[in-house]
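Everything below belongs to work.cif, which stores mmCIF, N, CA, C and O atoms.
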data_query
loop_
_atom_site.label_atom_id
_atom_site.label_comp_id
_atom_site.auth_asym_id
_atom_site.auth_seq_id
_atom_site.Cartn_x
_atom_site.Cartn_y
_atom_site.Cartn_z
N MET A 1 9.96 0.81 20.90
CA MET A 1 8.55 0.71 20.61
C MET A 1 7.92 2.09 20.76
O MET A 1 8.28 2.86 21.63
N LEU A 2 7.00 2.38 19.90
CA LEU A 2 6.36 3.69 19.92
C LEU A 2 5.30 3.76 21.02
O LEU A 2 4.53 2.82 21.21
N ASN A 3 5.29 4.90 21.74
CA ASN A 3 4.22 5.06 22.71
C ASN A 3 2.96 5.52 21.98
O ASN A 3 2.97 5.75 20.77
N LEU A 4 1.88 5.63 22.69
CA LEU A 4 0.59 5.95 22.08
C LEU A 4 0.62 7.29 21.34
O LEU A 4 0.12 7.40 20.22
N PHE A 5 1.22 8.30 21.93
CA PHE A 5 1.29 9.61 21.29
C PHE A 5 2.08 9.54 19.99
O PHE A 5 1.67 10.09 18.96
N GLN A 6 3.21 8.84 20.02
CA GLN A 6 4.03 8.71 18.81
C GLN A 6 3.27 7.97 17.72
O GLN A 6 3.39 8.30 16.55
N ARG A 7 2.49 6.98 18.10
CA ARG A 7 1.67 6.26 17.12
C ARG A 7 0.71 7.21 16.42
O ARG A 7 0.57 7.18 15.20
N TYR A 8 0.03 8.02 17.21
CA TYR A 8 -0.92 8.96 16.62
C TYR A 8 -0.24 9.95 15.69
O TYR A 8 -0.77 10.29 14.64
N VAL A 9 0.94 10.39 16.08
CA VAL A 9 1.69 11.33 15.23
C VAL A 9 2.07 10.67 13.91
O VAL A 9 1.85 11.24 12.83
N VAL A 10 2.62 9.45 13.98
CA VAL A 10 3.03 8.74 12.76
C VAL A 10 1.83 8.50 11.86
O VAL A 10 1.88 8.77 10.65
N VAL A 11 0.74 8.01 12.42
CA VAL A 11 -0.45 7.72 11.61
C VAL A 11 -1.05 9.00 11.05
O VAL A 11 -1.47 9.05 9.89
N SER A 12 -1.07 10.06 11.83
CA SER A 12 -1.62 11.34 11.36
C SER A 12 -0.81 11.91 10.20
O SER A 12 -1.37 12.37 9.21
N ILE A 13 0.50 11.85 10.33
CA ILE A 13 1.35 12.36 9.25
C ILE A 13 1.18 11.52 8.00
O ILE A 13 1.01 12.05 6.89
N ALA A 14 1.19 10.21 8.16
CA ALA A 14 1.02 9.33 7.00
C ALA A 14 -0.34 9.53 6.35
O ALA A 14 -0.45 9.59 5.12
N ALA A 15 -1.38 9.67 7.16
CA ALA A 15 -2.72 9.88 6.61
C ALA A 15 -2.81 11.22 5.89
O ALA A 15 -3.43 11.32 4.83
N SER A 16 -2.16 12.25 6.45
CA SER A 16 -2.16 13.56 5.79
C SER A 16 -1.45 13.50 4.44
O SER A 16 -1.93 14.03 3.45
N LEU A 17 -0.30 12.84 4.43
CA LEU A 17 0.44 12.71 3.18
C LEU A 17 -0.34 11.89 2.16
O LEU A 17 -0.39 12.23 0.98
N LEU A 18 -0.97 10.84 2.63
CA LEU A 18 -1.77 10.01 1.73
C LEU A 18 -2.98 10.79 1.24
O LEU A 18 -3.36 10.68 0.08
N GLY A 19 -3.57 11.60 2.08
CA GLY A 19 -4.71 12.41 1.69
C GLY A 19 -4.35 13.40 0.60
O GLY A 19 -5.14 13.68 -0.30
N CYS A 20 -3.13 13.91 0.63
CA CYS A 20 -2.67 14.85 -0.40
C CYS A 20 -2.54 14.16 -1.75
O CYS A 20 -2.65 14.80 -2.79
N ALA A 21 -2.31 12.87 -1.73
CA ALA A 21 -2.12 12.12 -2.98
C ALA A 21 -3.35 11.30 -3.33
O ALA A 21 -3.30 10.39 -4.13
N ALA A 22 -4.48 11.61 -2.72
CA ALA A 22 -5.68 10.79 -2.91
C ALA A 22 -6.33 10.98 -4.28
O ALA A 22 -7.14 10.17 -4.69
N VAL A 23 -6.01 12.07 -4.98
CA VAL A 23 -6.62 12.31 -6.28
C VAL A 23 -5.53 12.43 -7.34
O VAL A 23 -5.30 13.48 -7.90
N PRO A 24 -4.84 11.33 -7.61
CA PRO A 24 -3.76 11.38 -8.58
C PRO A 24 -4.27 11.56 -10.01
O PRO A 24 -5.36 11.13 -10.35
N VAL A 25 -3.46 12.18 -10.87
CA VAL A 25 -3.83 12.42 -12.26
C VAL A 25 -2.86 11.73 -13.21
O VAL A 25 -3.28 10.93 -14.04
N SER A 26 -1.59 12.01 -13.12
CA SER A 26 -0.61 11.40 -14.03
C SER A 26 -0.04 10.12 -13.42
O SER A 26 -0.27 9.83 -12.25
N SER A 27 0.75 9.39 -14.21
CA SER A 27 1.34 8.15 -13.68
C SER A 27 2.27 8.46 -12.51
O SER A 27 2.35 7.67 -11.57
N GLY A 28 2.95 9.60 -12.55
CA GLY A 28 3.82 9.99 -11.44
C GLY A 28 3.04 10.19 -10.16
O GLY A 28 3.51 9.85 -9.07
N ASP A 29 1.84 10.77 -10.28
CA ASP A 29 0.99 10.95 -9.10
C ASP A 29 0.58 9.60 -8.52
O ASP A 29 0.57 9.41 -7.32
N TYR A 30 0.26 8.65 -9.39
CA TYR A 30 -0.11 7.32 -8.92
C TYR A 30 1.09 6.62 -8.29
O TYR A 30 0.96 5.91 -7.31
N ARG A 31 2.28 6.83 -8.85
CA ARG A 31 3.48 6.24 -8.24
C ARG A 31 3.71 6.85 -6.86
O ARG A 31 4.08 6.14 -5.92
N SER A 32 3.53 8.15 -6.74
CA SER A 32 3.69 8.80 -5.43
C SER A 32 2.66 8.28 -4.44
O SER A 32 2.97 8.02 -3.28
N ALA A 33 1.42 8.14 -4.90
CA ALA A 33 0.37 7.61 -4.03
C ALA A 33 0.69 6.18 -3.62
O ALA A 33 0.47 5.79 -2.47
N SER A 34 1.24 5.40 -4.53
CA SER A 34 1.63 4.03 -4.22
C SER A 34 2.72 4.02 -3.14
O SER A 34 2.65 3.25 -2.18
N LYS A 35 3.70 4.88 -3.32
CA LYS A 35 4.80 4.95 -2.35
C LYS A 35 4.30 5.38 -0.97
O LYS A 35 4.68 4.79 0.05
N LEU A 36 3.43 6.37 -0.93
CA LEU A 36 2.88 6.82 0.35
C LEU A 36 2.03 5.74 1.00
O LEU A 36 2.09 5.55 2.22
N SER A 37 1.25 5.03 0.21
CA SER A 37 0.43 3.94 0.75
C SER A 37 1.33 2.85 1.32
O SER A 37 1.02 2.27 2.37
N PHE A 38 2.43 2.57 0.64
CA PHE A 38 3.37 1.56 1.14
C PHE A 38 4.00 2.01 2.45
O PHE A 38 4.17 1.22 3.38
N GLN A 39 4.36 3.29 2.53
CA GLN A 39 4.93 3.82 3.78
C GLN A 39 3.91 3.76 4.91
O GLN A 39 4.26 3.45 6.06
N LEU A 40 2.65 4.03 4.60
CA LEU A 40 1.59 3.92 5.60
C LEU A 40 1.45 2.46 6.05
O LEU A 40 1.29 2.18 7.24
N ALA A 41 1.54 1.53 5.10
CA ALA A 41 1.47 0.11 5.45
C ALA A 41 2.61 -0.26 6.38
O ALA A 41 2.41 -1.00 7.36
N ASN A 42 3.81 0.25 6.10
CA ASN A 42 4.95 -0.02 6.99
C ASN A 42 4.71 0.53 8.39
O ASN A 42 4.99 -0.15 9.38
N ALA A 43 4.20 1.75 8.47
CA ALA A 43 3.94 2.35 9.78
C ALA A 43 2.90 1.54 10.55
O ALA A 43 3.07 1.26 11.74
N ARG A 44 1.83 1.15 9.87
CA ARG A 44 0.78 0.35 10.51
C ARG A 44 1.32 -1.01 10.95
O ARG A 44 0.98 -1.50 12.02
N SER A 45 2.18 -1.60 10.14
CA SER A 45 2.76 -2.90 10.47
C SER A 45 3.64 -2.79 11.72
O SER A 45 3.59 -3.65 12.59
N ARG A 46 4.43 -1.72 11.80
CA ARG A 46 5.27 -1.51 12.98
C ARG A 46 4.45 -1.34 14.24
O ARG A 46 4.91 -1.62 15.34
N MET A 47 3.22 -0.86 14.09
CA MET A 47 2.33 -0.68 15.24
C MET A 47 1.46 -1.92 15.48
O MET A 47 0.51 -1.87 16.26
N ASN A 48 1.78 -3.01 14.80
CA ASN A 48 1.04 -4.27 14.92
C ASN A 48 -0.43 -4.12 14.56
O ASN A 48 -1.29 -4.76 15.16
N GLU A 49 -0.73 -3.28 13.59
CA GLU A 49 -2.08 -3.10 13.08
C GLU A 49 -2.16 -3.77 11.72
O GLU A 49 -2.17 -3.13 10.67
N THR A 50 -2.19 -5.11 11.75
CA THR A 50 -2.07 -5.91 10.54
C THR A 50 -3.17 -5.62 9.52
O THR A 50 -2.89 -5.45 8.34
N ALA A 51 -4.41 -5.56 9.96
CA ALA A 51 -5.51 -5.33 9.02
C ALA A 51 -5.36 -3.99 8.30
O ALA A 51 -5.53 -3.90 7.09
N ALA A 52 -5.00 -2.95 9.05
CA ALA A 52 -4.81 -1.62 8.46
C ALA A 52 -3.59 -1.62 7.54
O ALA A 52 -3.61 -0.99 6.46
N ALA A 53 -2.54 -2.34 7.92
CA ALA A 53 -1.34 -2.43 7.09
C ALA A 53 -1.67 -3.13 5.77
O ALA A 53 -1.25 -2.70 4.70
N CYS A 54 -2.44 -4.20 5.86
CA CYS A 54 -2.80 -4.95 4.65
C CYS A 54 -3.69 -4.12 3.73
O CYS A 54 -3.55 -4.18 2.51
N SER A 55 -4.56 -3.34 4.31
CA SER A 55 -5.43 -2.47 3.51
C SER A 55 -4.58 -1.43 2.77
O SER A 55 -4.78 -1.18 1.57
N ALA A 56 -3.64 -0.81 3.46
CA ALA A 56 -2.77 0.19 2.84
C ALA A 56 -1.88 -0.46 1.78
O ALA A 56 -1.63 0.12 0.71
N LEU A 57 -1.42 -1.68 2.04
CA LEU A 57 -0.60 -2.40 1.07
C LEU A 57 -1.40 -2.71 -0.20
O LEU A 57 -0.91 -2.55 -1.31
N SER A 58 -2.64 -3.11 -0.02
CA SER A 58 -3.51 -3.39 -1.16
C SER A 58 -3.74 -2.13 -1.99
O SER A 58 -3.70 -2.16 -3.22
N GLN A 59 -3.94 -1.00 -1.31
CA GLN A 59 -4.14 0.27 -2.01
C GLN A 59 -2.87 0.68 -2.75
O GLN A 59 -2.93 1.19 -3.87
N SER A 60 -1.71 0.42 -2.15
CA SER A 60 -0.44 0.71 -2.80
C SER A 60 -0.32 -0.06 -4.11
O SER A 60 0.09 0.50 -5.13
N LEU A 61 -0.68 -1.32 -4.09
CA LEU A 61 -0.61 -2.15 -5.30
C LEU A 61 -1.58 -1.63 -6.36
O LEU A 61 -1.24 -1.57 -7.55
N ALA A 62 -2.77 -1.21 -5.94
CA ALA A 62 -3.74 -0.68 -6.90
C ALA A 62 -3.22 0.59 -7.57
O ALA A 62 -3.32 0.75 -8.80
N TYR A 63 -2.62 1.49 -6.78
CA TYR A 63 -2.04 2.70 -7.35
C TYR A 63 -0.88 2.36 -8.29
O TYR A 63 -0.72 2.96 -9.35
N TYR A 64 -0.05 1.41 -7.89
CA TYR A 64 1.09 1.00 -8.71
C TYR A 64 0.63 0.46 -10.05
O TYR A 64 1.16 0.82 -11.10
N ARG A 65 -0.38 -0.40 -10.03
CA ARG A 65 -0.91 -0.96 -11.28
C ARG A 65 -1.49 0.13 -12.18
O ARG A 65 -1.33 0.10 -13.40
N THR A 66 -2.15 1.11 -11.57
CA THR A 66 -2.71 2.21 -12.35
C THR A 66 -1.59 3.04 -12.97
O THR A 66 -1.69 3.45 -14.14
N ALA A 67 -0.51 3.27 -12.23
CA ALA A 67 0.64 4.00 -12.78
C ALA A 67 1.22 3.27 -13.98
O ALA A 67 1.50 3.88 -15.01
N LEU A 68 1.39 1.95 -13.85
CA LEU A 68 1.90 1.18 -14.97
C LEU A 68 0.98 1.26 -16.18
O LEU A 68 1.44 1.38 -17.31
N SER A 69 -0.30 1.21 -15.92
CA SER A 69 -1.28 1.29 -17.00
C SER A 69 -1.17 2.63 -17.73
O SER A 69 -1.19 2.69 -18.95
N LYS A 70 -1.04 3.71 -16.97
CA LYS A 70 -0.93 5.04 -17.59
C LYS A 70 0.38 5.18 -18.36
O LYS A 70 0.41 5.82 -19.40
N GLU A 71 1.46 4.58 -17.85
CA GLU A 71 2.75 4.69 -18.52
C GLU A 71 2.81 3.88 -19.81
O GLU A 71 3.43 4.30 -20.78
N THR A 72 2.19 2.71 -19.80
CA THR A 72 2.29 1.80 -20.95
C THR A 72 1.11 1.92 -21.91
O THR A 72 1.19 1.45 -23.04
N GLY A 73 0.02 2.50 -21.44
CA GLY A 73 -1.18 2.57 -22.26
C GLY A 73 -1.97 1.28 -22.27
O GLY A 73 -2.99 1.17 -22.95
N GLU A 74 -1.51 0.29 -21.53
CA GLU A 74 -2.22 -0.98 -21.42
C GLU A 74 -3.23 -0.90 -20.29
O GLU A 74 -2.98 -0.25 -19.28
N PRO A 75 -4.37 -1.57 -20.44
CA PRO A 75 -5.35 -1.56 -19.35
C PRO A 75 -4.82 -2.28 -18.11
O PRO A 75 -3.93 -3.12 -18.20
N VAL A 76 -5.38 -1.92 -16.96
CA VAL A 76 -5.02 -2.57 -15.71
C VAL A 76 -5.62 -3.96 -15.71
O VAL A 76 -6.81 -4.13 -15.89
N TYR A 77 -4.77 -4.95 -15.55
CA TYR A 77 -5.25 -6.33 -15.51
C TYR A 77 -5.14 -6.88 -14.10
O TYR A 77 -4.10 -6.80 -13.49
N ALA A 78 -6.21 -7.43 -13.63
CA ALA A 78 -6.20 -8.18 -12.37
C ALA A 78 -6.94 -9.47 -12.64
O ALA A 78 -7.79 -9.90 -11.88
N ALA A 79 -6.63 -10.09 -13.77
CA ALA A 79 -7.44 -11.18 -14.26
C ALA A 79 -6.88 -12.56 -13.93
O ALA A 79 -7.34 -13.54 -14.48
N ALA A 80 -5.91 -12.64 -13.05
CA ALA A 80 -5.42 -13.97 -12.68
C ALA A 80 -6.53 -14.69 -11.92
O ALA A 80 -7.45 -14.07 -11.39
N SER A 81 -6.45 -15.98 -11.86
CA SER A 81 -7.50 -16.78 -11.25
C SER A 81 -7.72 -16.42 -9.78
O SER A 81 -8.79 -16.63 -9.24
N ASN A 82 -6.72 -15.87 -9.14
CA ASN A 82 -6.83 -15.52 -7.73
C ASN A 82 -7.01 -14.02 -7.53
O ASN A 82 -6.69 -13.50 -6.47
N GLY A 83 -7.48 -13.31 -8.51
CA GLY A 83 -7.70 -11.87 -8.37
C GLY A 83 -6.49 -11.04 -8.75
O GLY A 83 -6.49 -9.83 -8.58
N GLY A 84 -5.45 -11.67 -9.25
CA GLY A 84 -4.29 -10.92 -9.72
C GLY A 84 -3.33 -10.48 -8.64
O GLY A 84 -2.49 -9.65 -8.88
N THR A 85 -3.45 -11.03 -7.45
CA THR A 85 -2.60 -10.56 -6.36
C THR A 85 -1.56 -11.57 -5.93
O THR A 85 -0.87 -11.35 -4.96
N GLU A 86 -1.39 -12.65 -6.63
CA GLU A 86 -0.54 -13.71 -6.12
C GLU A 86 0.70 -13.99 -6.95
O GLU A 86 1.18 -15.11 -6.95
N ASP A 87 1.25 -13.01 -7.68
CA ASP A 87 2.53 -13.29 -8.31
C ASP A 87 3.59 -13.38 -7.20
O ASP A 87 3.33 -13.05 -6.05
N ASN A 88 4.77 -13.88 -7.51
CA ASN A 88 5.77 -14.16 -6.49
C ASN A 88 6.15 -12.94 -5.65
O ASN A 88 6.28 -13.04 -4.44
N GLY A 89 6.34 -11.80 -6.30
CA GLY A 89 6.72 -10.59 -5.56
C GLY A 89 5.64 -10.15 -4.60
O GLY A 89 5.93 -9.80 -3.45
N VAL A 90 4.41 -10.18 -5.05
CA VAL A 90 3.30 -9.75 -4.18
C VAL A 90 3.13 -10.74 -3.03
O VAL A 90 2.90 -10.33 -1.89
N GLN A 91 3.28 -12.02 -3.31
CA GLN A 91 3.19 -13.02 -2.25
C GLN A 91 4.23 -12.76 -1.16
O GLN A 91 3.92 -12.83 0.03
N GLU A 92 5.45 -12.46 -1.57
CA GLU A 92 6.52 -12.23 -0.60
C GLU A 92 6.23 -11.00 0.26
O GLU A 92 6.37 -11.04 1.48
N ILE A 93 5.84 -9.90 -0.38
CA ILE A 93 5.54 -8.67 0.38
C ILE A 93 4.35 -8.90 1.30
O ILE A 93 4.38 -8.51 2.47
N ARG A 94 3.31 -9.54 0.77
CA ARG A 94 2.12 -9.81 1.58
C ARG A 94 2.48 -10.62 2.82
O ARG A 94 2.03 -10.32 3.92
N SER A 95 3.33 -11.61 2.66
CA SER A 95 3.71 -12.45 3.79
C SER A 95 4.54 -11.67 4.81
O SER A 95 4.43 -11.90 6.01
N ARG A 96 5.35 -10.72 4.35
CA ARG A 96 6.14 -9.91 5.29
C ARG A 96 5.26 -9.07 6.20
O ARG A 96 5.62 -8.78 7.33
N PHE A 97 4.11 -8.66 5.67
CA PHE A 97 3.18 -7.86 6.46
C PHE A 97 2.20 -8.72 7.26
O PHE A 97 1.43 -8.20 8.05
N GLY A 98 2.22 -10.03 7.02
CA GLY A 98 1.32 -10.94 7.72
C GLY A 98 -0.09 -10.92 7.16
O GLY A 98 -1.05 -11.27 7.86
N CYS A 99 -0.23 -10.52 5.91
CA CYS A 99 -1.56 -10.42 5.29
C CYS A 99 -2.00 -11.78 4.76
O CYS A 99 -1.21 -12.53 4.20
N THR A 100 -3.28 -12.05 4.91
CA THR A 100 -3.87 -13.22 4.28
C THR A 100 -4.43 -12.79 2.93
O THR A 100 -4.58 -11.60 2.66
N VAL A 101 -4.75 -13.75 2.10
CA VAL A 101 -5.33 -13.43 0.78
C VAL A 101 -6.63 -12.67 0.98
O VAL A 101 -6.91 -11.70 0.28
N ALA A 102 -7.43 -13.07 1.96
CA ALA A 102 -8.70 -12.39 2.21
C ALA A 102 -8.50 -10.94 2.62
O ALA A 102 -9.23 -10.05 2.19
N GLN A 103 -7.49 -10.66 3.45
CA GLN A 103 -7.22 -9.28 3.88
C GLN A 103 -6.71 -8.45 2.72
O GLN A 103 -6.93 -7.26 2.65
N PHE A 104 -5.97 -9.07 1.83
CA PHE A 104 -5.28 -8.34 0.77
C PHE A 104 -6.17 -8.07 -0.41
O PHE A 104 -5.99 -7.12 -1.13
N GLY A 105 -7.14 -8.93 -0.66
CA GLY A 105 -7.98 -8.79 -1.84
C GLY A 105 -8.92 -7.70 -1.69
O GLY A 105 -9.32 -6.87 -2.33
#
What do you get writing this file as structure tokens?
Amino acid sequence: MLNLFQRYVVVSIAASLLGCAAVPVSSGDYRSASKLSFQLANARSRMNETAAACSALSQSLAYYRTALSKETGEPVYAAASNGGTEDNGVQEIRSRFGCTVAQFG
């Protein structure tokens, strides 16, 4: 288990890396931002910070969808009846992090 100092180091590094990718331009930049957000979600989850992990996971999905949109030229769709976040893959990942639909949306 991480002690308090190690937690701050992990979160600081992840936040710094995420900050570097906060203004993505190409689809590759959005994919990188998605990956970093997912890594931040993992770090937060390991520290039992579920709300912060779910927020980072939600941001990762948003970046991923934007990357797909840029690659395919299709607009970003989140038009499912539940906000577009409940396909099987997203449900499984969300449950692994302990996120509720309200936290994830």
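For the pair CA of Asp29 in chain A and CA of Tyr63 in chain A, the separation is 9.0 Å.
Taking CA of Ser37 in chain A and atom N of Ala52 in chain A as endpoints, the distance between them is 12.1 Å.
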Leaving out Ala67 in chain A and any residue of its chain fewer than 2 positions from it, which residues lie within 8 Å of it when counting all atoms listed in the file, given as a PyMOL selection string? chain A and resi 26-32+60-65+69-74
Here's the selection I'm unsure about, the PyMOL selection byres (((chain A and resi 54 and name CA) around 10) and name CA); applied to the file above, which residues does it give, as a PyMOL selection string? chain A and resi 38+40-42+44-45+49-53+55-60+94-95+97-105
Could you write those residues out with N, CA, C and O atoms, as a tab-separated table (two decimals), in the frame of the given file?
chain	number	residue	atom	x	y	z
A	38	PHE	N	2.43	2.57	0.64
A	38	PHE	CA	3.37	1.56	1.14
A	38	PHE	C	4.00	2.01	2.45
A	38	PHE	O	4.17	1.22	3.38
A	40	LEU	N	2.65	4.03	4.60
A	40	LEU	CA	1.59	3.92	5.60
A	40	LEU	C	1.45	2.46	6.05
A	40	LEU	O	1.29	2.18	7.24
A	41	ALA	N	1.54	1.53	5.10
A	41	ALA	CA	1.47	0.11	5.45
A	41	ALA	C	2.61	-0.26	6.38
A	41	ALA	O	2.41	-1.00	7.36
A	42	ASN	N	3.81	0.25	6.10
A	42	ASN	CA	4.95	-0.02	6.99
A	42	ASN	C	4.71	0.53	8.39
A	42	ASN	O	4.99	-0.15	9.38
A	44	ARG	N	1.83	1.15	9.87
A	44	ARG	CA	0.78	0.35	10.51
A	44	ARG	C	1.32	-1.01	10.95
A	44	ARG	O	0.98	-1.50	12.02
A	45	SER	N	2.18	-1.60	10.14
A	45	SER	CA	2.76	-2.90	10.47
A	45	SER	C	3.64	-2.79	11.72
A	45	SER	O	3.59	-3.65	12.59
A	49	GLU	N	-0.73	-3.28	13.59
A	49	GLU	CA	-2.08	-3.10	13.08
A	49	GLU	C	-2.16	-3.77	11.72
A	49	GLU	O	-2.17	-3.13	10.67
A	50	THR	N	-2.19	-5.11	11.75
A	50	THR	CA	-2.07	-5.91	10.54
A	50	THR	C	-3.17	-5.62	9.52
A	50	THR	O	-2.89	-5.45	8.34
A	51	ALA	N	-4.41	-5.56	9.96
A	51	ALA	CA	-5.51	-5.33	9.02
A	51	ALA	C	-5.36	-3.99	8.30
A	51	ALA	O	-5.53	-3.90	7.09
A	52	ALA	N	-5.00	-2.95	9.05
A	52	ALA	CA	-4.81	-1.62	8.46
A	52	ALA	C	-3.59	-1.62	7.54
A	52	ALA	O	-3.61	-0.99	6.46
A	53	ALA	N	-2.54	-2.34	7.92
A	53	ALA	CA	-1.34	-2.43	7.09
A	53	ALA	C	-1.67	-3.13	5.77
A	53	ALA	O	-1.25	-2.70	4.70
A	55	SER	N	-4.56	-3.34	4.31
A	55	SER	CA	-5.43	-2.47	3.51
A	55	SER	C	-4.58	-1.43	2.77
A	55	SER	O	-4.78	-1.18	1.57
A	56	ALA	N	-3.64	-0.81	3.46
A	56	ALA	CA	-2.77	0.19	2.84
A	56	ALA	C	-1.88	-0.46	1.78
A	56	ALA	O	-1.63	0.12	0.71
A	57	LEU	N	-1.42	-1.68	2.04
A	57	LEU	CA	-0.60	-2.40	1.07
A	57	LEU	C	-1.40	-2.71	-0.20
A	57	LEU	O	-0.91	-2.55	-1.31
A	58	SER	N	-2.64	-3.11	-0.02
A	58	SER	CA	-3.51	-3.39	-1.16
A	58	SER	C	-3.74	-2.13	-1.99
A	58	SER	O	-3.70	-2.16	-3.22
A	59	GLN	N	-3.94	-1.00	-1.31
A	59	GLN	CA	-4.14	0.27	-2.01
A	59	GLN	C	-2.87	0.68	-2.75
A	59	GLN	O	-2.93	1.19	-3.87
A	60	SER	N	-1.71	0.42	-2.15
A	60	SER	CA	-0.44	0.71	-2.80
A	60	SER	C	-0.32	-0.06	-4.11
A	60	SER	O	0.09	0.50	-5.13
A	94	ARG	N	3.31	-9.54	0.77
A	94	ARG	CA	2.12	-9.81	1.58
A	94	ARG	C	2.48	-10.62	2.82
A	94	ARG	O	2.03	-10.32	3.92
A	95	SER	N	3.33	-11.61	2.66
A	95	SER	CA	3.71	-12.45	3.79
A	95	SER	C	4.54	-11.67	4.81
A	95	SER	O	4.43	-11.90	6.01
A	97	PHE	N	4.11	-8.66	5.67
A	97	PHE	CA	3.18	-7.86	6.46
A	97	PHE	C	2.20	-8.72	7.26
A	97	PHE	O	1.43	-8.20	8.05
A	98	GLY	N	2.22	-10.03	7.02
A	98	GLY	CA	1.32	-10.94	7.72
A	98	GLY	C	-0.09	-10.92	7.16
A	98	GLY	O	-1.05	-11.27	7.86
A	99	CYS	N	-0.23	-10.52	5.91
A	99	CYS	CA	-1.56	-10.42	5.29
A	99	CYS	C	-2.00	-11.78	4.76
A	99	CYS	O	-1.21	-12.53	4.20
A	100	THR	N	-3.28	-12.05	4.91
A	100	THR	CA	-3.87	-13.22	4.28
A	100	THR	C	-4.43	-12.79	2.93
A	100	THR	O	-4.58	-11.60	2.66
A	101	VAL	N	-4.75	-13.75	2.10
A	101	VAL	CA	-5.33	-13.43	0.78
A	101	VAL	C	-6.63	-12.67	0.98
A	101	VAL	O	-6.91	-11.70	0.28
A	102	ALA	N	-7.43	-13.07	1.96
A	102	ALA	CA	-8.70	-12.39	2.21
A	102	ALA	C	-8.50	-10.94	2.62
A	102	ALA	O	-9.23	-10.05	2.19
A	103	GLN	N	-7.49	-10.66	3.45
A	103	GLN	CA	-7.22	-9.28	3.88
A	103	GLN	C	-6.71	-8.45	2.72
A	103	GLN	O	-6.93	-7.26	2.65
A	104	PHE	N	-5.97	-9.07	1.83
A	104	PHE	CA	-5.28	-8.34	0.77
A	104	PHE	C	-6.17	-8.07	-0.41
A	104	PHE	O	-5.99	-7.12	-1.13
A	105	GLY	N	-7.14	-8.93	-0.66
A	105	GLY	CA	-7.98	-8.79	-1.84
A	105	GLY	C	-8.92	-7.70	-1.69
A	105	GLY	O	-9.32	-6.87	-2.33
So what do you get for CA of Ile13 in chain A versus atom O of Leu36 in chain A, distance-wise?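 These atoms are spaced 9.8 Å apart.
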List every residue of range 21-80 of chain A that DSSP, applied to the backbone of this structure, assigns to helix (DSSP H, G or I), and report them as a ChimeraX atom specification. /A:27-46,50-72
